[in-house]
>>> print(open('final-v3.txt').read())   # compact mmCIF, C-alpha atoms
# COMPACT_ATOMS: atom_id res chain seq x y z
CA ARG A 1 6.64 21.90 -8.78
CA ARG A 2 9.03 23.73 -6.50
CA VAL A 3 8.81 24.11 -2.77
CA THR A 4 7.05 27.30 -1.66
CA PRO A 5 9.74 30.02 -1.38
CA VAL A 6 8.47 31.06 2.07
CA TYR A 7 9.42 27.70 3.47
CA LEU A 8 12.78 27.74 1.77
CA TRP A 9 13.35 31.10 3.41
CA LEU A 10 12.44 29.69 6.80
CA VAL A 11 14.79 26.75 6.29
CA GLU A 12 17.54 29.20 5.45
CA LEU A 13 16.88 30.94 8.78
CA ARG A 14 18.06 27.95 10.79
CA PRO A 15 21.75 29.05 10.85
CA LEU A 16 20.58 32.57 11.75
CA VAL A 17 18.61 31.19 14.70
CA ARG A 18 21.69 29.33 15.93
CA ARG A 19 23.82 32.46 15.63
CA GLY A 20 21.10 34.44 17.38
CA CYS A 21 21.09 32.00 20.28
CA HIS A 22 24.86 32.32 20.61
CA PHE A 23 24.46 36.09 20.50
CA LEU A 24 21.87 36.03 23.26
CA GLY A 25 24.13 33.86 25.36
CA SER A 26 26.92 36.35 24.90
CA LEU A 27 24.61 39.22 25.88
CA GLN A 28 23.57 37.42 29.02
CA THR A 29 27.19 36.87 29.99
CA MET A 30 27.94 40.52 29.34
CA GLY A 31 24.88 41.48 31.40
CA GLU A 32 26.09 39.51 34.36
CA ALA A 33 29.43 41.35 34.14
CA ASP A 34 27.90 44.75 33.56
CA SER A 35 24.29 45.08 34.74
CA LYS A 36 24.12 48.72 33.75
CA HIS A 37 25.01 47.92 30.14
CA TRP A 38 22.45 45.14 30.16
CA GLN A 39 19.73 47.49 31.41
CA LEU A 40 20.44 49.96 28.62
CA GLY A 41 20.13 47.26 25.99
CA ARG A 42 17.19 45.48 27.59
CA SER A 43 14.52 46.72 25.19
CA ALA A 44 16.53 45.87 22.08
CA VAL A 45 17.45 42.45 23.42
CA GLY A 46 13.81 41.83 24.27
CA ARG A 47 12.83 42.44 20.70
CA TRP A 48 15.56 40.04 19.57
CA ILE A 49 14.35 37.40 21.98
CA VAL A 50 10.72 37.67 20.86
CA GLY A 51 11.62 37.64 17.19
CA LEU A 52 14.09 34.78 17.38
CA ALA A 53 11.90 32.77 19.71
CA SER A 54 9.01 33.09 17.25
CA VAL A 55 11.16 31.95 14.36
CA ALA A 56 12.61 29.11 16.43
CA ALA A 57 9.14 27.98 17.46
CA LEU A 58 7.99 28.02 13.86
CA LEU A 59 10.99 26.00 12.75
CA ILE A 60 10.39 23.47 15.50
CA MET A 61 6.79 23.16 14.36
CA LEU A 62 7.98 22.66 10.79
CA GLY A 63 10.38 19.97 11.95
CA LEU A 64 7.69 18.11 13.88
CA GLY A 65 5.29 18.56 10.98
CA GLY A 66 7.90 17.09 8.66
CA GLU A 67 8.26 13.96 10.81
CA PHE A 68 4.48 13.58 11.03
CA SER A 69 3.94 14.10 7.30
CA ARG A 70 6.64 11.56 6.43
CA ALA A 71 5.07 8.94 8.71
CA ARG A 72 1.64 9.52 7.13
CA LEU A 73 3.19 9.42 3.67
CA GLN A 74 4.81 6.05 4.33
CA ALA A 75 1.61 4.62 5.79
CA GLN A 76 -0.37 5.79 2.76
CA ALA A 77 2.26 4.36 0.41
CA ALA A 78 1.87 1.01 2.17
CA GLN A 79 -1.88 1.14 1.48
CA VAL A 80 -1.21 1.75 -2.22
CA VAL A 81 1.20 -1.19 -2.35
CA GLN A 82 -1.35 -3.40 -0.60
CA GLY A 83 -4.07 -2.36 -3.04
CA GLN A 84 -1.85 -3.19 -6.01
CA ALA A 85 -0.95 -6.55 -4.46
CA THR A 86 -4.63 -7.39 -3.92
CA ILE A 87 -5.46 -6.78 -7.57
CA ALA A 88 -2.45 -8.82 -8.73
CA ASP A 89 -3.36 -11.73 -6.40
CA LEU A 90 -6.99 -11.75 -7.57
CA ARG A 91 -5.88 -12.02 -11.17
CA LEU A 92 -3.37 -14.74 -10.30
CA LEU A 93 -6.06 -16.74 -8.49
CA VAL A 94 -8.48 -16.63 -11.43
CA ARG A 95 -5.69 -17.50 -13.88
CA LEU A 96 -4.66 -20.52 -11.78
CA LEU A 97 -8.24 -21.82 -11.71
CA VAL A 98 -8.77 -21.25 -15.44
CA ASP A 99 -5.49 -22.97 -16.30
CA ALA A 100 -6.38 -25.89 -14.02
CA GLU A 101 -9.75 -26.26 -15.75
CA THR A 102 -8.08 -26.17 -19.16
CA GLY A 103 -5.62 -28.83 -18.01
CA GLN A 104 -8.45 -31.02 -16.75
CA ARG A 105 -10.21 -30.93 -20.10
CA GLY A 106 -6.99 -31.55 -21.99
CA TYR A 107 -6.27 -34.59 -19.84
CA LEU A 108 -9.78 -35.99 -20.23
CA LEU A 109 -9.49 -35.63 -24.01
CA THR A 110 -5.98 -37.04 -24.41
CA GLN A 111 -5.15 -38.93 -21.20
CA ARG A 112 -1.71 -37.34 -21.39
CA ALA A 113 -0.22 -36.57 -17.98
CA GLU A 114 1.48 -33.33 -19.06
CA PHE A 115 -1.95 -31.69 -19.25
CA LEU A 116 -2.23 -32.07 -15.48
CA GLU A 117 0.64 -29.68 -14.75
CA PRO A 118 -1.61 -26.55 -14.51
CA TYR A 119 -3.94 -28.48 -12.19
CA ARG A 120 -1.08 -29.49 -9.91
CA LYS A 121 0.21 -25.91 -9.92
CA ALA A 122 -3.22 -24.62 -8.90
CA GLN A 123 -3.52 -27.23 -6.15
CA SER A 124 -0.24 -26.05 -4.62
CA GLN A 125 -0.57 -22.27 -5.15
CA VAL A 126 -4.26 -21.43 -4.68
CA PRO A 127 -4.22 -21.86 -0.87
CA SER A 128 -1.26 -19.49 -0.44
CA VAL A 129 -2.77 -16.89 -2.80
CA LEU A 130 -6.05 -17.01 -0.86
CA ALA A 131 -4.14 -16.63 2.41
CA GLN A 132 -2.36 -13.54 1.07
CA LEU A 133 -5.64 -12.01 -0.04
CA GLN A 134 -7.31 -12.65 3.30
CA ALA A 135 -4.32 -11.29 5.24
CA GLY A 136 -4.43 -8.11 3.17
CA SER A 137 -8.15 -7.62 3.87
CA ALA A 138 -7.94 -7.93 7.66
CA SER A 139 -8.83 -4.24 8.12
CA SER A 140 -11.85 -4.43 5.77
CA PRO A 141 -14.64 -6.73 7.05
CA PRO A 142 -16.77 -6.45 3.84
CA ARG A 143 -13.74 -7.39 1.71
CA HIS A 144 -12.96 -10.25 4.06
CA VAL A 145 -16.50 -11.61 3.71
CA ALA A 146 -16.28 -11.45 -0.09
CA LEU A 147 -12.93 -13.23 -0.02
CA ASP A 148 -14.38 -15.97 2.16
CA SER A 149 -17.00 -16.51 -0.55
CA LEU A 150 -14.29 -16.55 -3.23
CA ALA A 151 -12.26 -19.05 -1.21
CA ARG A 152 -15.24 -21.42 -0.96
CA LEU A 153 -15.82 -21.21 -4.71
CA ALA A 154 -12.13 -21.81 -5.47
CA GLU A 155 -12.07 -24.83 -3.18
CA ALA A 156 -15.28 -26.15 -4.76
CA LYS A 157 -13.78 -25.78 -8.23
CA LEU A 158 -10.61 -27.63 -7.25
CA ALA A 159 -12.73 -30.35 -5.65
CA GLU A 160 -14.74 -30.73 -8.88
CA LEU A 161 -11.53 -31.00 -10.90
CA ARG A 162 -10.09 -33.52 -8.45
CA GLU A 163 -13.22 -35.68 -8.59
CA THR A 164 -13.41 -35.82 -12.40
CA LEU A 165 -9.72 -36.72 -12.62
CA ARG A 166 -10.18 -39.42 -9.96
CA LEU A 167 -13.07 -40.92 -11.92
CA SER A 168 -11.00 -40.92 -15.11
CA ASP A 169 -8.02 -42.56 -13.40
CA ARG A 170 -10.32 -45.29 -12.06
CA GLY A 171 -11.45 -46.14 -15.55
CA LYS A 172 -14.74 -44.26 -15.34
CA HIS A 173 -13.89 -41.91 -18.15
CA GLY A 174 -17.47 -41.59 -19.33
CA GLN A 175 -18.65 -40.51 -15.89
CA ALA A 176 -15.86 -37.94 -15.69
CA VAL A 177 -16.79 -36.44 -19.04
CA GLY A 178 -20.44 -36.51 -18.02
CA ARG A 179 -19.63 -34.51 -14.89
CA VAL A 180 -17.92 -31.87 -17.02
CA ALA A 181 -20.77 -31.81 -19.53
CA ALA A 182 -23.33 -31.32 -16.72
CA GLY A 183 -21.90 -27.85 -16.26
CA ALA A 184 -21.58 -27.71 -12.44
CA GLY A 185 -17.88 -26.96 -12.71
CA LYS A 186 -18.48 -24.21 -15.25
CA ARG A 187 -21.11 -22.58 -13.04
CA THR A 188 -18.72 -22.65 -10.09
CA MET A 189 -15.97 -21.11 -12.24
CA ASP A 190 -18.31 -18.39 -13.52
CA ALA A 191 -19.39 -17.56 -9.96
CA ALA A 192 -15.75 -17.37 -8.84
CA ARG A 193 -14.98 -14.98 -11.70
CA ARG A 194 -17.92 -12.73 -10.78
CA VAL A 195 -16.90 -12.53 -7.14
CA ALA A 196 -13.26 -11.89 -8.07
CA ASP A 197 -14.35 -9.17 -10.52
CA ASP A 198 -16.47 -7.49 -7.84
CA ILE A 199 -13.62 -7.56 -5.34
CA GLU A 200 -11.20 -6.19 -7.95
CA ALA A 201 -13.59 -3.36 -8.86
CA SER A 202 -13.85 -2.40 -5.18
CA ALA A 203 -10.08 -2.66 -4.78
CA ARG A 204 -9.54 -0.43 -7.82
CA GLU A 205 -11.82 2.26 -6.41
CA GLN A 206 -10.01 2.11 -3.10
CA LEU A 207 -6.64 2.19 -4.86
CA ALA A 208 -7.59 5.33 -6.78
CA VAL A 209 -8.54 7.06 -3.52
CA SER A 210 -5.31 5.88 -1.89
CA LYS A 211 -3.19 7.14 -4.79
CA HIS A 212 -4.90 10.53 -4.72
CA ARG A 213 -4.31 10.79 -0.99
CA LEU A 214 -0.69 9.72 -1.50
CA ASP A 215 -0.17 12.53 -4.01
CA GLN A 216 -1.58 15.03 -1.50
CA LEU A 217 0.66 13.76 1.28
CA ALA A 218 3.70 13.76 -1.04
CA ALA A 219 3.05 17.43 -1.82
CA LEU A 220 2.75 18.20 1.90
CA ASP A 221 5.91 16.24 2.63
CA SER A 222 7.77 18.24 -0.01
CA VAL A 223 6.83 21.42 1.87
CA PHE A 224 8.04 20.14 5.22
CA ASN A 225 11.05 18.11 4.14
CA GLY A 226 12.23 20.01 1.07
CA ALA A 227 11.82 17.17 -1.47
CA SER A 228 10.20 17.76 -4.80
CA PRO A 229 6.79 16.03 -5.25
CA GLY A 230 8.13 14.68 -8.52
CA GLY A 231 11.24 13.32 -6.84
CA THR A 232 11.85 10.01 -5.08
CA SER A 233 8.68 7.99 -4.72
CA PRO A 234 7.73 6.73 -1.25
CA LEU A 235 6.91 3.42 -2.94
CA THR A 236 10.57 2.80 -3.70
>>> encode(input="final-v3.txt", output="structure tokens")
Amino acid sequence: RRVTPVYLWLVELRPLVRRGCHFLGSLQTMGEADSKHWQLGRSAVGRWIVGLASVAALLIMLGLGGEFSRARLQAQAAQVVQGQATIADLRLLVRLLVDAETGQRGYLLTQRAEFLEPYRKAQSQVPSVLAQLQAGSASSPPRHVALDSLARLAEAKLAELRETLRLSDRGKHGQAVGRVAAGAGKRTMDAARRVADDIEASAREQLAVSKHRLDQLAALDSVFNGASPGGTSPLT
């Protein structure tokens, strides 16, 4: 879409306003030198002053509006980026836990240390992913509460994995397998998935609203600042 022609016309008036101001300055100088000439042209000059002052005021308002719209656009773009990051981090968290669980079972079946790599990766990365999620939800108390619940479930799952691996390494392989077979770890994992899915669904709804608002602000910014809504994205 193109910028509304009226605004393009107003932008084009900026040089005219500058020339008009110079003209008025010249008239004032002439008036000081020849008061009679100034009196004769007073009514015409008055009309010029009113007209140019109105246009100048409108252009100033457009300039201020442009600065304001750009600031709002950038703030809204940051919300979209944060929403996308939240969804990506939720998926990463669940994937880390699932991979750790798979590694645990592979190790208990084979006793081969390479199966523990996903578990070690989860142990090192899950805390930082949870921290990122909680930092991004600081402005949303309900989201923060849900993430606290997810953090407890993630920590419980890692604790269950750690305990079964400890039992196996101490020669209590049967007890370790029995713990897995009892299903407590699976129930914890299922609960973590449900909470993560609920948070993601909420984040997706919020992201859709944020994107719609971003499109509206981008269109407004194109009016004030002369950029096409289909041009450079504020996310870049």
>>> atom_distance(input="final-v3.txt", atom1="CA of Arg204 (chain A)", atom2="CA of Arg187 (chain A)")
25.5 Å
>>> closest_atom_pairs(input="final-v3.txt", of="region 130-189 of chain A", to="region 93-98 of chain A", cutoff="9 Å", atoms="all atoms listed in the file", output="JSON lines")
{"residue": "A:Leu130", "atom": "CA", "partner": "A:Leu93", "partner_atom": "CA", "distance": 7.6}
{"residue": "A:Ala154", "atom": "CA", "partner": "A:Leu97", "partner_atom": "CA", "distance": 7.4}
{"residue": "A:Lys157", "atom": "CA", "partner": "A:Leu97", "partner_atom": "CA", "distance": 7.6}
{"residue": "A:Leu158", "atom": "CA", "partner": "A:Leu97", "partner_atom": "CA", "distance": 7.7}
{"residue": "A:Met189", "atom": "CA", "partner": "A:Leu97", "partner_atom": "CA", "distance": 7.8}
>>> atom_distance(input="final-v3.txt", atom1="CA of Lys172 (chain A)", atom2="CA of Ala151 (chain A)")
29.0 Å
>>> residues_around(input="final-v3.txt", residues="Gln84 (chain A)", least_positions_apart="2", cutoff="12 Å", atoms="only C-alpha atoms", output="list of chain:residue names")
A:Ala77, A:Ala78, A:Gln79, A:Val80, A:Val81, A:Gln82, A:Thr86, A:Ile87, A:Ala88, A:Asp89, A:Leu90, A:Arg91, A:Leu133, A:Gly136, A:Glu200, A:Ala203, A:Arg204, A:Glu205, A:Gln206, A:Leu207, A:Ala208, A:Ser210, A:Lys211, A:Leu235
>>> atom_distance(input="final-v3.txt", atom1="CA of Ala218 (chain A)", atom2="CA of Leu73 (chain A)")
6.4 Å
>>> closest_residue(input="final-v3.txt", among="A:Ala159, A:Ala184, A:Leu165, A:Ala176", to="Gly103 (chain A)", atoms="all atoms listed in the file")
A:Leu165
>>> residues_near_point(input="final-v3.txt", point="(-15.5, -35.3, -11.8)", cutoff="9 Å", atoms="only C-alpha atoms", output="ChimeraX atom specification")
/A:159-168,175-180,185
>>> closest_residue(input="final-v3.txt", among="A:Val126, A:Ala71, A:Ala146, A:Ala138", to="Ala100 (chain A)", atoms="only C-alpha atoms")
A:Val126
>>> build_atoms(input="final-v3.txt", residues="region 110-128 of chain A", atoms="N, CA and C atoms", output="mmCIF file, in the frame of the given file")
data_model
loop_
_atom_site.group_PDB
_atom_site.id
_atom_site.type_symbol
_atom_site.label_atom_id
_atom_site.label_comp_id
_atom_site.auth_asym_id
_atom_site.auth_seq_id
_atom_site.Cartn_x
_atom_site.Cartn_y
_atom_site.Cartn_z
ATOM 1 N N THR A 110 -7.180 -36.379 -23.877
ATOM 2 C CA THR A 110 -5.980 -37.040 -24.410
ATOM 3 C C THR A 110 -5.404 -38.111 -23.497
ATOM 4 N N GLN A 111 -5.743 -38.045 -22.190
ATOM 5 C CA GLN A 111 -5.150 -38.930 -21.200
ATOM 6 C C GLN A 111 -3.629 -38.764 -21.086
ATOM 7 N N ARG A 112 -3.153 -37.617 -21.469
ATOM 8 C CA ARG A 112 -1.710 -37.340 -21.390
ATOM 9 C C ARG A 112 -1.422 -36.570 -20.109
ATOM 10 N N ALA A 113 -0.474 -37.083 -19.317
ATOM 11 C CA ALA A 113 -0.220 -36.570 -17.980
ATOM 12 C C ALA A 113 0.286 -35.126 -17.971
ATOM 13 N N GLU A 114 0.948 -34.699 -19.060
ATOM 14 C CA GLU A 114 1.480 -33.330 -19.060
ATOM 15 C C GLU A 114 0.382 -32.272 -18.964
ATOM 16 N N PHE A 115 -0.847 -32.657 -19.353
ATOM 17 C CA PHE A 115 -1.950 -31.690 -19.250
ATOM 18 C C PHE A 115 -2.354 -31.420 -17.799
ATOM 19 N N LEU A 116 -1.881 -32.246 -16.878
ATOM 20 C CA LEU A 116 -2.230 -32.070 -15.480
ATOM 21 C C LEU A 116 -1.341 -31.066 -14.749
ATOM 22 N N GLU A 117 -0.287 -30.606 -15.418
ATOM 23 C CA GLU A 117 0.640 -29.680 -14.750
ATOM 24 C C GLU A 117 -0.054 -28.414 -14.242
ATOM 25 N N PRO A 118 -0.915 -27.735 -15.045
ATOM 26 C CA PRO A 118 -1.610 -26.550 -14.510
ATOM 27 C C PRO A 118 -2.503 -26.880 -13.314
ATOM 28 N N TYR A 119 -3.109 -28.065 -13.314
ATOM 29 C CA TYR A 119 -3.940 -28.480 -12.190
ATOM 30 C C TYR A 119 -3.097 -28.650 -10.933
ATOM 31 N N ARG A 120 -1.968 -29.294 -11.069
ATOM 32 C CA ARG A 120 -1.080 -29.490 -9.910
ATOM 33 C C ARG A 120 -0.565 -28.146 -9.392
ATOM 34 N N LYS A 121 -0.252 -27.245 -10.315
ATOM 35 C CA LYS A 121 0.210 -25.910 -9.920
ATOM 36 C C LYS A 121 -0.865 -25.178 -9.133
ATOM 37 N N ALA A 122 -2.115 -25.282 -9.598
ATOM 38 C CA ALA A 122 -3.220 -24.620 -8.900
ATOM 39 C C ALA A 122 -3.426 -25.236 -7.516
ATOM 40 N N GLN A 123 -3.342 -26.553 -7.435
ATOM 41 C CA GLN A 123 -3.520 -27.230 -6.150
ATOM 42 C C GLN A 123 -2.513 -26.736 -5.113
ATOM 43 N N SER A 124 -1.280 -26.459 -5.564
ATOM 44 C CA SER A 124 -0.240 -26.050 -4.620
ATOM 45 C C SER A 124 -0.253 -24.548 -4.329
ATOM 46 N N GLN A 125 -0.695 -23.726 -5.305
ATOM 47 C CA GLN A 125 -0.570 -22.270 -5.150
ATOM 48 C C GLN A 125 -1.855 -21.573 -4.691
ATOM 49 N N VAL A 126 -3.009 -22.104 -5.025
ATOM 50 C CA VAL A 126 -4.260 -21.430 -4.680
ATOM 51 C C VAL A 126 -4.401 -21.170 -3.172
ATOM 52 N N PRO A 127 -4.086 -22.141 -2.310
ATOM 53 C CA PRO A 127 -4.220 -21.860 -0.870
ATOM 54 C C PRO A 127 -3.363 -20.686 -0.397
ATOM 55 N N SER A 128 -2.126 -20.588 -0.882
ATOM 56 C CA SER A 128 -1.260 -19.490 -0.440
ATOM 57 C C SER A 128 -1.734 -18.151 -0.995
#
